[in-house]
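Here the structure comes first, spelled out in structure tokens, and everything after it is commentary.
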Amino acid sequence: MANVRPPNVSEPRFLSALRELSSVVGASNVLTSDDRLRDYADPFTPQPQARHFAASAVVLPATAGEIREVLKIARAYRLPLWPVSTGRNFAYGGGAPRLTGSVVLDLKRMNRILEVDETLAYAVVEPGVTYFDLHAYLRRHGLKLWVDPAAAGWGSVVGNTLERGFGYTAYGDHAAHQCGMEVMLADGELVRTGMGAIEIGRAWQLYKAGFGPSYDTMFMQSNFGIVTKLGLWLMPRPDAYVIAHVKLPGEGDLEAAVETLRPLRLDETIRNHAVIEGAIRHAAGVSARSDWYDGAGPMPESAVAEIVRRLDIGRWNVHFAVYGAPDLVDLRFAAARRAFARLPGARIEANRYAADAEPAGGGEGNMAGVPAMSAFRMLDWRGGNGAHVDFSPICPFTGRDAMRQYSVAKARLAEYGFDYYGGFTAGERHLHHIVATIFDRDDPKQTDAAADLQRVLMSDARSEGYGVYRTHLATMDFAASQYDFNDGALLRMSETIKDALDPEGILAPGKSGIWPRVWRDKRGDI
Ligand code: ADP
């Protein structure tokens with residue numbers, strides 16, 4: 001039995017709740033031992049005391065009917081429940097709950113691929129389906145469709161989409177390629193959104209809006225319901241594609257890289273979520289920091305120059321792909337090459353693939369719908385017990401904004417003793433700027449510094465009008481408070497909706513800074 005309990009629930013009542021939960025899902029699907037709960041601790045916590053964000057138990061239902069029974073028990077005992085699909089939201093908290101003592105509702109046993117339609121190019125999945133699962137299914141059935149994987153292929157399609165994760169093909173914006181949901185509300189009501197609200201809904205995964213207000217995005221990064229089914233559009237497999245790597249020599253070339261990429265992205269010459277990454281991030285995929293620099297403080301530019309020279313890469317590296325019929329691919333790639341070739345010192349390499357060929361490396365694989373785990377290689381960058389937390393501001397798609405965000409973040413990271421390990425992923429009018437702080441979890445000084453740094457980076461960004469798209473449990477309240485137009489009207493509206501849908505406040509209290517009335521005094525606590 002774990003020694004963390006849900007707040008305000010006595011031990012006898014908690015034991016009684018656990019007995020009732022066991023009678024619904026089976027005793028083996030209620031986890032309470034410290035040993036089993038360890039899997040649900042934040043794997044990369046920058047908060048050194050393990051008490052933060054600890055679960056009191058984990059419940060693993062197998063059906064929507066079981067979820068409904070679990071909700072009934074939770075409402076009766078006032079148990080806060082923290083739903084996860086597979087709980088691999090690493091760098092943002094993993095499977096750990098925001099409110100210590102919450103019961104994690106792990107949906108990984110609900111892992112059926114319910115439908116894949118090759119003609120209309122969509123799938124319907126349950127929460128436990130991973131990118132690896134869906135990719136394997138498409139392969140096994142010889143379907144000419146690609147899934148767009150998240151950077152770590154073991155993640156849940158539902159979990160990543162709800163967190164507005166992104167990938168690297170033309171379908172890289174996962175939230176934008178979602179269509180149709182089934183959601184269970186806190187009172188046990190089952191809702192289908194959009195065209196799914198028609199009992200025999202023939203266009204559930206085809207037209208997002210339905211009739212009247214549309215709600216799918218309301219269940220993203222929120223605590224308004226438990227998503228039990230999700231539709232997503234899949235990319236028709238292209239007949240050919242080219243994956244290109246542009247190497248730019250100077251630190252200041254970020255600006256030109258962004259200015260060159262934007263028009264190509266806006267006119268759809270380049271349709272994928274292209275990536276602009278710094279030399280250090282590239283190096284972390286193939287080497288350790290100590291191969292280049294072993295001194296204290298951030299890596300000096302001379303060591304970065306050595307990386308660029310010895311690995312034969314750019315100080316900035318643009319990775320993009322063009323897809324389509326072979327002749328279209330030729331034209332699109334020629335146009336993109338021409339644009340980048342204008343930049344002083346640019347070198348361009350490209351690999352061409354036929355439809356059924358698969359790139360070998362993880363990075364190129366991600367641009368061709370092949371999930372991988374190579375992103376985790378970066379954890380070895382600093383040695384020790386490697387972990388990372390991510391600062392993830394949205395950046396307007398201009399060279400000026402990108403340079404500004406880069407310079408400010410780099411200087412702050414250096415002040416706290418970290419390298420700028422970052423890069424930009426291209427949406428259409430914005431860039432996701434992802435700045436990972438890589439630290440050794442066994443080194444308390446580094447861990448503390450990494451935690452403090454996140455708030456400082458967010459404050460710096462906010463003072464220039466930028467905000468993050470996603471954040472760790474520890475900074476959810478802080479991030480929400482930065483979205484402060486009209487004295488926080490947006491968060492007030494979210495909490496009005498929360499109280500209406502979940503008056504007992506059982507679903508994910510504190511998620512994205514949204515606290516139900518009954519737990520509102522916990523805002524800001526960690
Ligand atoms: P992944 O394993 O793909 O990284 P998670 O399962 O950790 O994703 O989910 C990420 C976050 O999304 C969770 O912490 C939770 O807040 C939310 N979430 C995940 N699945 C659901 C779901 N089925 N219903 C509601 N919210 C969910």
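Each chain in the structure tokens gets a letter, A, B and so on, in the order shown; residues start at 1 in every chain, and ligands are counted from 1 in the order they appear.
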
Exercise. What residues have any atom no more than 6 Å from ligand 1 when counting only C-alpha atoms and all ligand atoms, and can you list them as an NGL selection string?
Worked result: :A and (83-89 or 94-95 or 127 or 155-160 or 162-163 or 225-228)

Next, the residues of the selection above should be written as a JSON list (two decimals), in the first residue's frame with N, CA, C and O atoms.
```
[["chain", "number", "residue", "atom", "x", "y", "z"],
["A", 83, "PRO", "N", -6.63, 11.00, -15.79],
["A", 83, "PRO", "CA", -6.61, 10.07, -16.93],
["A", 83, "PRO", "C", -5.35, 10.21, -17.77],
["A", 83, "PRO", "O", -4.92, 11.34, -18.07],
["A", 84, "VAL", "N", -4.78, 9.09, -18.14],
["A", 84, "VAL", "CA", -3.69, 9.08, -19.13],
["A", 84, "VAL", "C", -4.00, 7.96, -20.12],
["A", 84, "VAL", "O", -4.73, 7.02, -19.79],
["A", 85, "SER", "N", -3.42, 8.09, -21.30],
["A", 85, "SER", "CA", -3.63, 7.04, -22.30],
["A", 85, "SER", "C", -2.57, 5.96, -22.14],
["A", 85, "SER", "O", -2.89, 4.78, -22.05],
["A", 86, "THR", "N", -1.29, 6.37, -22.16],
["A", 86, "THR", "CA", -0.23, 5.41, -21.82],
["A", 86, "THR", "C", 0.74, 6.02, -20.82],
["A", 86, "THR", "O", 1.65, 5.34, -20.33],
["A", 87, "GLY", "N", 0.60, 7.32, -20.55],
["A", 87, "GLY", "CA", 1.41, 7.96, -19.50],
["A", 87, "GLY", "C", 2.86, 8.19, -19.87],
["A", 87, "GLY", "O", 3.73, 8.22, -19.02],
["A", 88, "ARG", "N", 3.11, 8.39, -21.17],
["A", 88, "ARG", "CA", 4.51, 8.60, -21.57],
["A", 88, "ARG", "C", 4.77, 10.04, -21.99],
["A", 88, "ARG", "O", 5.59, 10.32, -22.87],
["A", 89, "ASN", "N", 4.08, 10.92, -21.32],
["A", 89, "ASN", "CA", 4.21, 12.35, -21.62],
["A", 89, "ASN", "C", 5.51, 12.89, -21.00],
["A", 89, "ASN", "O", 5.52, 13.85, -20.25],
["A", 94, "GLY", "N", 5.25, 12.81, -17.52],
["A", 94, "GLY", "CA", 5.00, 11.38, -17.69],
["A", 94, "GLY", "C", 3.56, 11.05, -17.31],
["A", 94, "GLY", "O", 2.63, 11.76, -17.68],
["A", 95, "GLY", "N", 3.38, 9.98, -16.54],
["A", 95, "GLY", "CA", 2.02, 9.58, -16.13],
["A", 95, "GLY", "C", 1.63, 10.17, -14.79],
["A", 95, "GLY", "O", 0.60, 9.78, -14.21],
["A", 127, "PRO", "N", -7.48, 4.75, -26.59],
["A", 127, "PRO", "CA", -6.35, 5.48, -26.00],
["A", 127, "PRO", "C", -5.03, 4.69, -25.90],
["A", 127, "PRO", "O", -3.95, 5.27, -25.99],
["A", 155, "GLY", "N", 4.68, 6.40, -27.75],
["A", 155, "GLY", "CA", 3.61, 7.21, -27.16],
["A", 155, "GLY", "C", 2.25, 6.84, -27.73],
["A", 155, "GLY", "O", 2.13, 6.24, -28.80],
["A", 156, "SER", "N", 1.21, 7.23, -27.00],
["A", 156, "SER", "CA", -0.17, 6.96, -27.41],
["A", 156, "SER", "C", -0.61, 7.99, -28.45],
["A", 156, "SER", "O", -0.34, 9.18, -28.31],
["A", 157, "VAL", "N", -1.31, 7.52, -29.47],
["A", 157, "VAL", "CA", -1.84, 8.42, -30.50],
["A", 157, "VAL", "C", -2.83, 9.39, -29.85],
["A", 157, "VAL", "O", -2.79, 10.60, -30.08],
["A", 158, "VAL", "N", -3.71, 8.85, -28.99],
["A", 158, "VAL", "CA", -4.70, 9.71, -28.34],
["A", 158, "VAL", "C", -4.02, 10.70, -27.40],
["A", 158, "VAL", "O", -4.28, 11.91, -27.45],
["A", 159, "GLY", "N", -3.13, 10.20, -26.55],
["A", 159, "GLY", "CA", -2.44, 11.06, -25.57],
["A", 159, "GLY", "C", -1.68, 12.19, -26.26],
["A", 159, "GLY", "O", -1.79, 13.35, -25.88],
["A", 160, "ASN", "N", -0.96, 11.85, -27.30],
["A", 160, "ASN", "CA", -0.15, 12.86, -27.97],
["A", 160, "ASN", "C", -1.04, 13.88, -28.68],
["A", 160, "ASN", "O", -0.77, 15.09, -28.65],
["A", 162, "LEU", "N", -4.12, 14.71, -27.87],
["A", 162, "LEU", "CA", -4.78, 15.57, -26.89],
["A", 162, "LEU", "C", -3.82, 16.60, -26.32],
["A", 162, "LEU", "O", -4.24, 17.68, -25.89],
["A", 163, "GLU", "N", -2.55, 16.29, -26.27],
["A", 163, "GLU", "CA", -1.55, 17.25, -25.78],
["A", 163, "GLU", "C", -1.07, 18.18, -26.89],
["A", 163, "GLU", "O", -0.17, 18.98, -26.69],
["A", 225, "GLY", "N", -13.18, 15.96, -19.85],
["A", 225, "GLY", "CA", -13.74, 14.65, -20.17],
["A", 225, "GLY", "C", -12.64, 13.63, -20.37],
["A", 225, "GLY", "O", -11.46, 13.97, -20.39],
["A", 226, "ILE", "N", -13.07, 12.36, -20.52],
["A", 226, "ILE", "CA", -12.12, 11.28, -20.78],
["A", 226, "ILE", "C", -12.38, 10.79, -22.20],
["A", 226, "ILE", "O", -13.49, 10.35, -22.52],
["A", 227, "VAL", "N", -11.39, 10.93, -23.04],
["A", 227, "VAL", "CA", -11.55, 10.55, -24.44],
["A", 227, "VAL", "C", -11.40, 9.03, -24.55],
["A", 227, "VAL", "O", -10.37, 8.47, -24.16],
["A", 228, "THR", "N", -12.43, 8.38, -25.08],
["A", 228, "THR", "CA", -12.39, 6.91, -25.17],
["A", 228, "THR", "C", -12.17, 6.42, -26.59],
["A", 228, "THR", "O", -11.78, 5.28, -26.79]]
```

List as JSON lines every residue of stretch 305-344 of chain A that is in contact with stretch 362-384 of chain A, defined as an atom at most 10 Å from one of its atoms (using only C-alpha atoms), together with the nearest atom pair and the distance in Å rounded to one decimal, sorted by chain and then rising number.
```
{"residue": "A:His319", "atom": "CA", "partner": "A:Glu364", "partner_atom": "CA", "distance": 8.5}
{"residue": "A:Phe320", "atom": "CA", "partner": "A:Met367", "partner_atom": "CA", "distance": 8.0}
{"residue": "A:Ala321", "atom": "CA", "partner": "A:Met367", "partner_atom": "CA", "distance": 6.8}
{"residue": "A:Val322", "atom": "CA", "partner": "A:Met367", "partner_atom": "CA", "distance": 9.5}
{"residue": "A:Tyr323", "atom": "CA", "partner": "A:Ala368", "partner_atom": "CA", "distance": 9.4}
```

Stretch 329-346 of chain A surroundings by only C-alpha atoms, 9 Å radius, close-in-sequence under 4 positions cut, as a PDB file with all heavy atoms, in the first residue's frame:
```pdb
ATOM      1  N   ALA A 240       6.505   9.111 -54.217  1.00  0.00           N
ATOM      2  CA  ALA A 240       7.946   9.383 -54.098  1.00  0.00           C
ATOM      3  C   ALA A 240       8.140  10.499 -53.084  1.00  0.00           C
ATOM      4  O   ALA A 240       7.196  11.229 -52.788  1.00  0.00           O
ATOM      5  CB  ALA A 240       8.510   9.812 -55.449  1.00  0.00           C
ATOM      6  N   TYR A 241       9.342  10.578 -52.549  1.00  0.00           N
ATOM      7  CA  TYR A 241       9.634  11.717 -51.689  1.00  0.00           C
ATOM      8  C   TYR A 241      11.132  11.943 -51.614  1.00  0.00           C
ATOM      9  O   TYR A 241      11.940  11.037 -51.878  1.00  0.00           O
ATOM     10  CB  TYR A 241       9.024  11.566 -50.294  1.00  0.00           C
ATOM     11  CG  TYR A 241       9.393  10.318 -49.526  1.00  0.00           C
ATOM     12  CD1 TYR A 241      10.361  10.360 -48.525  1.00  0.00           C
ATOM     13  CD2 TYR A 241       8.768   9.105 -49.788  1.00  0.00           C
ATOM     14  CE1 TYR A 241      10.689   9.226 -47.813  1.00  0.00           C
ATOM     15  CE2 TYR A 241       9.093   7.961 -49.072  1.00  0.00           C
ATOM     16  CZ  TYR A 241      10.054   8.025 -48.091  1.00  0.00           C
ATOM     17  OH  TYR A 241      10.390   6.898 -47.383  1.00  0.00           O
ATOM     18  N   VAL A 242      11.477  13.165 -51.259  1.00  0.00           N
ATOM     19  CA  VAL A 242      12.882  13.537 -51.060  1.00  0.00           C
ATOM     20  C   VAL A 242      13.005  14.091 -49.656  1.00  0.00           C
ATOM     21  O   VAL A 242      12.157  14.878 -49.213  1.00  0.00           O
ATOM     22  CB  VAL A 242      13.315  14.612 -52.089  1.00  0.00           C
ATOM     23  CG1 VAL A 242      14.622  15.274 -51.675  1.00  0.00           C
ATOM     24  CG2 VAL A 242      13.464  13.998 -53.472  1.00  0.00           C
ATOM     25  N   ALA A 244      15.625  16.222 -47.396  1.00  0.00           N
ATOM     26  CA  ALA A 244      16.804  17.060 -47.640  1.00  0.00           C
ATOM     27  C   ALA A 244      17.365  17.629 -46.340  1.00  0.00           C
ATOM     28  O   ALA A 244      16.643  17.798 -45.355  1.00  0.00           O
ATOM     29  CB  ALA A 244      16.424  18.203 -48.574  1.00  0.00           C
ATOM     30  N   VAL A 246      19.783  20.865 -45.274  1.00  0.00           N
ATOM     31  CA  VAL A 246      20.503  22.076 -45.663  1.00  0.00           C
ATOM     32  C   VAL A 246      21.429  22.455 -44.523  1.00  0.00           C
ATOM     33  O   VAL A 246      20.979  22.574 -43.375  1.00  0.00           O
ATOM     34  CB  VAL A 246      19.523  23.252 -45.914  1.00  0.00           C
ATOM     35  CG1 VAL A 246      20.279  24.482 -46.398  1.00  0.00           C
ATOM     36  CG2 VAL A 246      18.434  22.851 -46.892  1.00  0.00           C
ATOM     37  N   LYS A 247      22.708  22.642 -44.814  1.00  0.00           N
ATOM     38  CA  LYS A 247      23.690  22.971 -43.773  1.00  0.00           C
ATOM     39  C   LYS A 247      24.101  24.436 -43.916  1.00  0.00           C
ATOM     40  O   LYS A 247      24.585  24.839 -44.978  1.00  0.00           O
ATOM     41  CB  LYS A 247      24.923  22.077 -43.933  1.00  0.00           C
ATOM     42  CG  LYS A 247      24.581  20.592 -43.934  1.00  0.00           C
ATOM     43  CD  LYS A 247      25.796  19.748 -44.308  1.00  0.00           C
ATOM     44  CE  LYS A 247      25.430  18.273 -44.294  1.00  0.00           C
ATOM     45  NZ  LYS A 247      26.590  17.401 -44.602  1.00  0.00           N
ATOM     46  N   LEU A 248      23.872  25.186 -42.870  1.00  0.00           N
ATOM     47  CA  LEU A 248      24.204  26.616 -42.902  1.00  0.00           C
ATOM     48  C   LEU A 248      25.315  26.894 -41.897  1.00  0.00           C
ATOM     49  O   LEU A 248      25.244  26.429 -40.749  1.00  0.00           O
ATOM     50  CB  LEU A 248      22.958  27.441 -42.582  1.00  0.00           C
ATOM     51  CG  LEU A 248      21.815  27.241 -43.587  1.00  0.00           C
ATOM     52  CD1 LEU A 248      20.518  27.812 -43.057  1.00  0.00           C
ATOM     53  CD2 LEU A 248      22.171  27.872 -44.927  1.00  0.00           C
ATOM     54  N   PRO A 249      26.336  27.646 -42.313  1.00  0.00           N
ATOM     55  CA  PRO A 249      27.557  27.710 -41.500  1.00  0.00           C
ATOM     56  C   PRO A 249      27.514  28.613 -40.262  1.00  0.00           C
ATOM     57  O   PRO A 249      28.178  28.333 -39.273  1.00  0.00           O
ATOM     58  CB  PRO A 249      28.606  28.229 -42.491  1.00  0.00           C
ATOM     59  CG  PRO A 249      27.817  28.978 -43.524  1.00  0.00           C
ATOM     60  CD  PRO A 249      26.492  28.300 -43.610  1.00  0.00           C
ATOM     61  N   GLY A 250      26.733  29.699 -40.291  1.00  0.00           N
ATOM     62  CA  GLY A 250      26.900  30.705 -39.230  1.00  0.00           C
ATOM     63  C   GLY A 250      25.797  30.679 -38.187  1.00  0.00           C
ATOM     64  O   GLY A 250      24.658  30.307 -38.482  1.00  0.00           O
ATOM     65  N   ASP A 253      22.797  32.549 -39.166  1.00  0.00           N
ATOM     66  CA  ASP A 253      22.047  32.061 -40.339  1.00  0.00           C
ATOM     67  C   ASP A 253      20.652  31.557 -39.992  1.00  0.00           C
ATOM     68  O   ASP A 253      19.858  31.275 -40.895  1.00  0.00           O
ATOM     69  CB  ASP A 253      22.815  30.928 -41.040  1.00  0.00           C
ATOM     70  CG  ASP A 253      24.063  31.433 -41.729  1.00  0.00           C
ATOM     71  OD1 ASP A 253      24.143  32.653 -41.982  1.00  0.00           O
ATOM     72  OD2 ASP A 253      24.969  30.629 -42.001  1.00  0.00           O
ATOM     73  N   ALA A 256      18.058  33.750 -41.733  1.00  0.00           N
ATOM     74  CA  ALA A 256      17.844  33.505 -43.166  1.00  0.00           C
ATOM     75  C   ALA A 256      17.170  32.149 -43.390  1.00  0.00           C
ATOM     76  O   ALA A 256      16.354  31.998 -44.317  1.00  0.00           O
ATOM     77  CB  ALA A 256      19.176  33.563 -43.904  1.00  0.00           C
ATOM     78  N   ALA A 257      17.494  31.177 -42.557  1.00  0.00           N
ATOM     79  CA  ALA A 257      16.874  29.854 -42.706  1.00  0.00           C
ATOM     80  C   ALA A 257      15.360  29.981 -42.553  1.00  0.00           C
ATOM     81  O   ALA A 257      14.587  29.445 -43.349  1.00  0.00           O
ATOM     82  CB  ALA A 257      17.432  28.883 -41.662  1.00  0.00           C
ATOM     83  N   THR A 260      13.742  31.908 -45.428  1.00  0.00           N
ATOM     84  CA  THR A 260      13.692  31.115 -46.664  1.00  0.00           C
ATOM     85  C   THR A 260      12.613  30.043 -46.582  1.00  0.00           C
ATOM     86  O   THR A 260      11.915  29.766 -47.561  1.00  0.00           O
ATOM     87  CB  THR A 260      15.072  30.459 -46.922  1.00  0.00           C
ATOM     88  OG1 THR A 260      16.064  31.482 -46.878  1.00  0.00           O
ATOM     89  CG2 THR A 260      15.121  29.755 -48.271  1.00  0.00           C
ATOM     90  N   LEU A 261      12.504  29.444 -45.412  1.00  0.00           N
ATOM     91  CA  LEU A 261      11.540  28.348 -45.254  1.00  0.00           C
ATOM     92  C   LEU A 261      10.081  28.835 -45.311  1.00  0.00           C
ATOM     93  O   LEU A 261       9.219  28.158 -45.880  1.00  0.00           O
ATOM     94  CB  LEU A 261      11.820  27.645 -43.912  1.00  0.00           C
ATOM     95  CG  LEU A 261      11.015  26.397 -43.586  1.00  0.00           C
ATOM     96  CD1 LEU A 261      11.172  25.326 -44.674  1.00  0.00           C
ATOM     97  CD2 LEU A 261      11.455  25.831 -42.232  1.00  0.00           C
ATOM     98  N   LEU A 264       8.182  28.963 -48.628  1.00  0.00           N
ATOM     99  CA  LEU A 264       8.075  27.607 -49.196  1.00  0.00           C
ATOM    100  C   LEU A 264       6.994  26.807 -48.466  1.00  0.00           C
ATOM    101  O   LEU A 264       6.307  25.978 -49.045  1.00  0.00           O
ATOM    102  CB  LEU A 264       9.423  26.873 -49.078  1.00  0.00           C
ATOM    103  CG  LEU A 264      10.574  27.475 -49.875  1.00  0.00           C
ATOM    104  CD1 LEU A 264      11.909  26.873 -49.430  1.00  0.00           C
ATOM    105  CD2 LEU A 264      10.363  27.238 -51.380  1.00  0.00           C
ATOM    106  N   GLU A 268       3.141  25.874 -49.921  1.00  0.00           N
ATOM    107  CA  GLU A 268       3.034  24.410 -49.911  1.00  0.00           C
ATOM    108  C   GLU A 268       4.015  23.707 -50.834  1.00  0.00           C
ATOM    109  O   GLU A 268       3.817  22.554 -51.205  1.00  0.00           O
ATOM    110  CB  GLU A 268       1.589  23.954 -50.173  1.00  0.00           C
ATOM    111  CG  GLU A 268       0.645  24.502 -49.114  1.00  0.00           C
ATOM    112  CD  GLU A 268      -0.753  23.927 -49.173  1.00  0.00           C
ATOM    113  OE1 GLU A 268      -1.040  23.158 -50.106  1.00  0.00           O
ATOM    114  OE2 GLU A 268      -1.546  24.248 -48.269  1.00  0.00           O
ATOM    115  N   THR A 269       5.116  24.410 -51.191  1.00  0.00           N
ATOM    116  CA  THR A 269       6.207  23.690 -51.859  1.00  0.00           C
ATOM    117  C   THR A 269       6.736  22.647 -50.882  1.00  0.00           C
ATOM    118  O   THR A 269       6.947  21.486 -51.237  1.00  0.00           O
ATOM    119  CB  THR A 269       7.348  24.662 -52.238  1.00  0.00           C
ATOM    120  OG1 THR A 269       6.810  25.677 -53.073  1.00  0.00           O
ATOM    121  CG2 THR A 269       8.487  23.949 -52.941  1.00  0.00           C
ATOM    122  N   ILE A 270       6.950  23.088 -49.628  1.00  0.00           N
ATOM    123  CA  ILE A 270       7.303  22.167 -48.536  1.00  0.00           C
ATOM    124  C   ILE A 270       6.063  22.020 -47.666  1.00  0.00           C
ATOM    125  O   ILE A 270       5.556  22.996 -47.127  1.00  0.00           O
ATOM    126  CB  ILE A 270       8.483  22.723 -47.710  1.00  0.00           C
ATOM    127  CG1 ILE A 270       9.750  22.748 -48.566  1.00  0.00           C
ATOM    128  CG2 ILE A 270       8.701  21.883 -46.442  1.00  0.00           C
ATOM    129  CD1 ILE A 270      10.950  23.366 -47.886  1.00  0.00           C
ATOM    130  N   GLY A 314      25.900  21.685 -40.381  1.00  0.00           N
ATOM    131  CA  GLY A 314      25.825  23.135 -40.316  1.00  0.00           C
ATOM    132  C   GLY A 314      25.784  23.604 -38.866  1.00  0.00           C
ATOM    133  O   GLY A 314      25.496  22.835 -37.959  1.00  0.00           O
ATOM    134  N   ALA A 321      11.165  17.806 -46.167  1.00  0.00           N
ATOM    135  CA  ALA A 321      10.800  16.742 -47.101  1.00  0.00           C
ATOM    136  C   ALA A 321       9.808  17.289 -48.111  1.00  0.00           C
ATOM    137  O   ALA A 321       9.042  18.205 -47.806  1.00  0.00           O
ATOM    138  CB  ALA A 321      10.178  15.577 -46.345  1.00  0.00           C
ATOM    139  N   VAL A 322       9.851  16.739 -49.331  1.00  0.00           N
ATOM    140  CA  VAL A 322       8.782  17.018 -50.296  1.00  0.00           C
ATOM    141  C   VAL A 322       8.226  15.673 -50.753  1.00  0.00           C
ATOM    142  O   VAL A 322       8.962  14.700 -50.907  1.00  0.00           O
ATOM    143  CB  VAL A 322       9.254  17.861 -51.508  1.00  0.00           C
ATOM    144  CG1 VAL A 322       9.615  19.266 -51.068  1.00  0.00           C
ATOM    145  CG2 VAL A 322      10.428  17.219 -52.216  1.00  0.00           C
ATOM    146  N   TYR A 323       6.909  15.635 -50.922  1.00  0.00           N
ATOM    147  CA  TYR A 323       6.213  14.382 -51.210  1.00  0.00           C
ATOM    148  C   TYR A 323       5.356  14.539 -52.455  1.00  0.00           C
ATOM    149  O   TYR A 323       4.883  15.633 -52.750  1.00  0.00           O
ATOM    150  CB  TYR A 323       5.253  14.031 -50.062  1.00  0.00           C
ATOM    151  CG  TYR A 323       5.838  14.078 -48.671  1.00  0.00           C
ATOM    152  CD1 TYR A 323       5.587  15.163 -47.835  1.00  0.00           C
ATOM    153  CD2 TYR A 323       6.606  13.021 -48.185  1.00  0.00           C
ATOM    154  CE1 TYR A 323       6.087  15.196 -46.539  1.00  0.00           C
ATOM    155  CE2 TYR A 323       7.114  13.050 -46.884  1.00  0.00           C
ATOM    156  CZ  TYR A 323       6.854  14.143 -46.065  1.00  0.00           C
ATOM    157  OH  TYR A 323       7.343  14.179 -44.799  1.00  0.00           O
ATOM    158  N   GLY A 324       5.080  13.430 -53.138  1.00  0.00           N
ATOM    159  CA  GLY A 324       4.101  13.482 -54.232  1.00  0.00           C
ATOM    160  C   GLY A 324       4.456  12.537 -55.362  1.00  0.00           C
ATOM    161  O   GLY A 324       5.293  11.642 -55.217  1.00  0.00           O
ATOM    162  N   ALA A 325       3.813  12.776 -56.508  1.00  0.00           N
ATOM    163  CA  ALA A 325       4.167  12.030 -57.714  1.00  0.00           C
ATOM    164  C   ALA A 325       5.613  12.394 -58.078  1.00  0.00           C
ATOM    165  O   ALA A 325       6.042  13.520 -57.801  1.00  0.00           O
ATOM    166  CB  ALA A 325       3.204  12.397 -58.833  1.00  0.00           C
TER     167      ALA A 325
END
```

Problem set entry | Residue set, stretch 115-292 of chain A restricted to strand (DSSP E or B), as a ChimeraX atom specification | /A:115-117,122-125,130,145-146,156,166,173,178-184,190-192,226-233,235-236,240-248,275-278

For this session: Just give me the gap between atom CA of A:Val147 and atom CA of A:Leu234 in Å, one decimal is fine.
Result: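 Distance reported for this atom pair: 5.5 Å.
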
For this session: If you run DSSP over the backbone, which residues in stretch 200-315 of chain A end up alpha helix (DSSP H)? Put them as a PyMOL selection string.
Result: chain A and resi 253-266+279-284+301-311

Exercise. Hey, what's within 9 Å of A:Ala409 if we count only C-alpha atoms and toss same-chain stuff fewer than 3 positions away? As a list in words, please?
Worked result: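 Neighbouring residues, sequence-local ones excluded: Arg404, Gln405, Tyr406, Arg412, Leu413, Ala414, Tyr420, Val435, Leu457, Asp460 and Ala461 of chain A.
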
For this session: Please provide the set of residues having any atom within 12 Å of A:Gly142, restricted to only C-alpha atoms, with same-chain residues fewer than 3 positions apart removed, written as a list in words.
Result: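 Contacts, with the query itself left out: Val116, Glu118, His135, Ala136, Tyr137, Leu138, Arg139, Leu145, Trp146, Arg237 and Asp356 of chain A.
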
Dump as an mmCIF file, in the first residue's frame, selection limited to N, CA, C and O atoms:
```cif
data_model
loop_
_atom_site.group_PDB
_atom_site.id
_atom_site.type_symbol
_atom_site.label_atom_id
_atom_site.label_comp_id
_atom_site.auth_asym_id
_atom_site.auth_seq_id
_atom_site.Cartn_x
_atom_site.Cartn_y
_atom_site.Cartn_z
ATOM 1 N N VAL A 116 -9.721 1.272 -39.804
ATOM 2 C CA VAL A 116 -8.847 2.043 -40.699
ATOM 3 C C VAL A 116 -9.511 2.013 -42.065
ATOM 4 O O VAL A 116 -9.869 0.945 -42.564
ATOM 5 N N GLU A 118 -8.954 2.895 -45.883
ATOM 6 C CA GLU A 118 -7.885 3.274 -46.819
ATOM 7 C C GLU A 118 -8.397 4.284 -47.839
ATOM 8 O O GLU A 118 -7.673 5.203 -48.228
ATOM 9 N N HIS A 135 1.421 1.988 -36.854
ATOM 10 C CA HIS A 135 2.331 1.800 -37.989
ATOM 11 C C HIS A 135 2.395 0.321 -38.366
ATOM 12 O O HIS A 135 2.307 -0.053 -39.547
ATOM 13 N N ALA A 136 2.539 -0.553 -37.356
ATOM 14 C CA ALA A 136 2.637 -1.998 -37.619
ATOM 15 C C ALA A 136 1.353 -2.505 -38.275
ATOM 16 O O ALA A 136 1.385 -3.326 -39.196
ATOM 17 N N TYR A 137 0.230 -1.987 -37.833
ATOM 18 C CA TYR A 137 -1.058 -2.400 -38.399
ATOM 19 C C TYR A 137 -1.134 -2.031 -39.885
ATOM 20 O O TYR A 137 -1.545 -2.834 -40.727
ATOM 21 N N LEU A 138 -0.738 -0.798 -40.196
ATOM 22 C CA LEU A 138 -0.812 -0.341 -41.591
ATOM 23 C C LEU A 138 0.077 -1.211 -42.475
ATOM 24 O O LEU A 138 -0.288 -1.589 -43.588
ATOM 25 N N ARG A 139 1.252 -1.550 -41.955
ATOM 26 C CA ARG A 139 2.185 -2.411 -42.674
ATOM 27 C C ARG A 139 1.609 -3.808 -42.879
ATOM 28 O O ARG A 139 1.629 -4.344 -43.980
ATOM 29 N N LEU A 145 -1.044 3.947 -46.477
ATOM 30 C CA LEU A 145 -1.281 5.095 -45.599
ATOM 31 C C LEU A 145 -0.106 5.248 -44.655
ATOM 32 O O LEU A 145 0.501 4.254 -44.242
ATOM 33 N N TRP A 146 0.159 6.501 -44.300
ATOM 34 C CA TRP A 146 1.198 6.781 -43.299
ATOM 35 C C TRP A 146 0.556 7.357 -42.041
ATOM 36 O O TRP A 146 -0.375 8.165 -42.129
ATOM 37 N N ARG A 237 -0.016 7.453 -48.719
ATOM 38 C CA ARG A 237 1.421 7.245 -48.969
ATOM 39 C C ARG A 237 1.801 7.854 -50.313
ATOM 40 O O ARG A 237 1.205 7.528 -51.339
ATOM 41 N N ASP A 356 7.693 2.700 -51.432
ATOM 42 C CA ASP A 356 7.787 1.621 -50.452
ATOM 43 C C ASP A 356 9.159 1.540 -49.789
ATOM 44 O O ASP A 356 9.411 0.642 -48.998
#
```
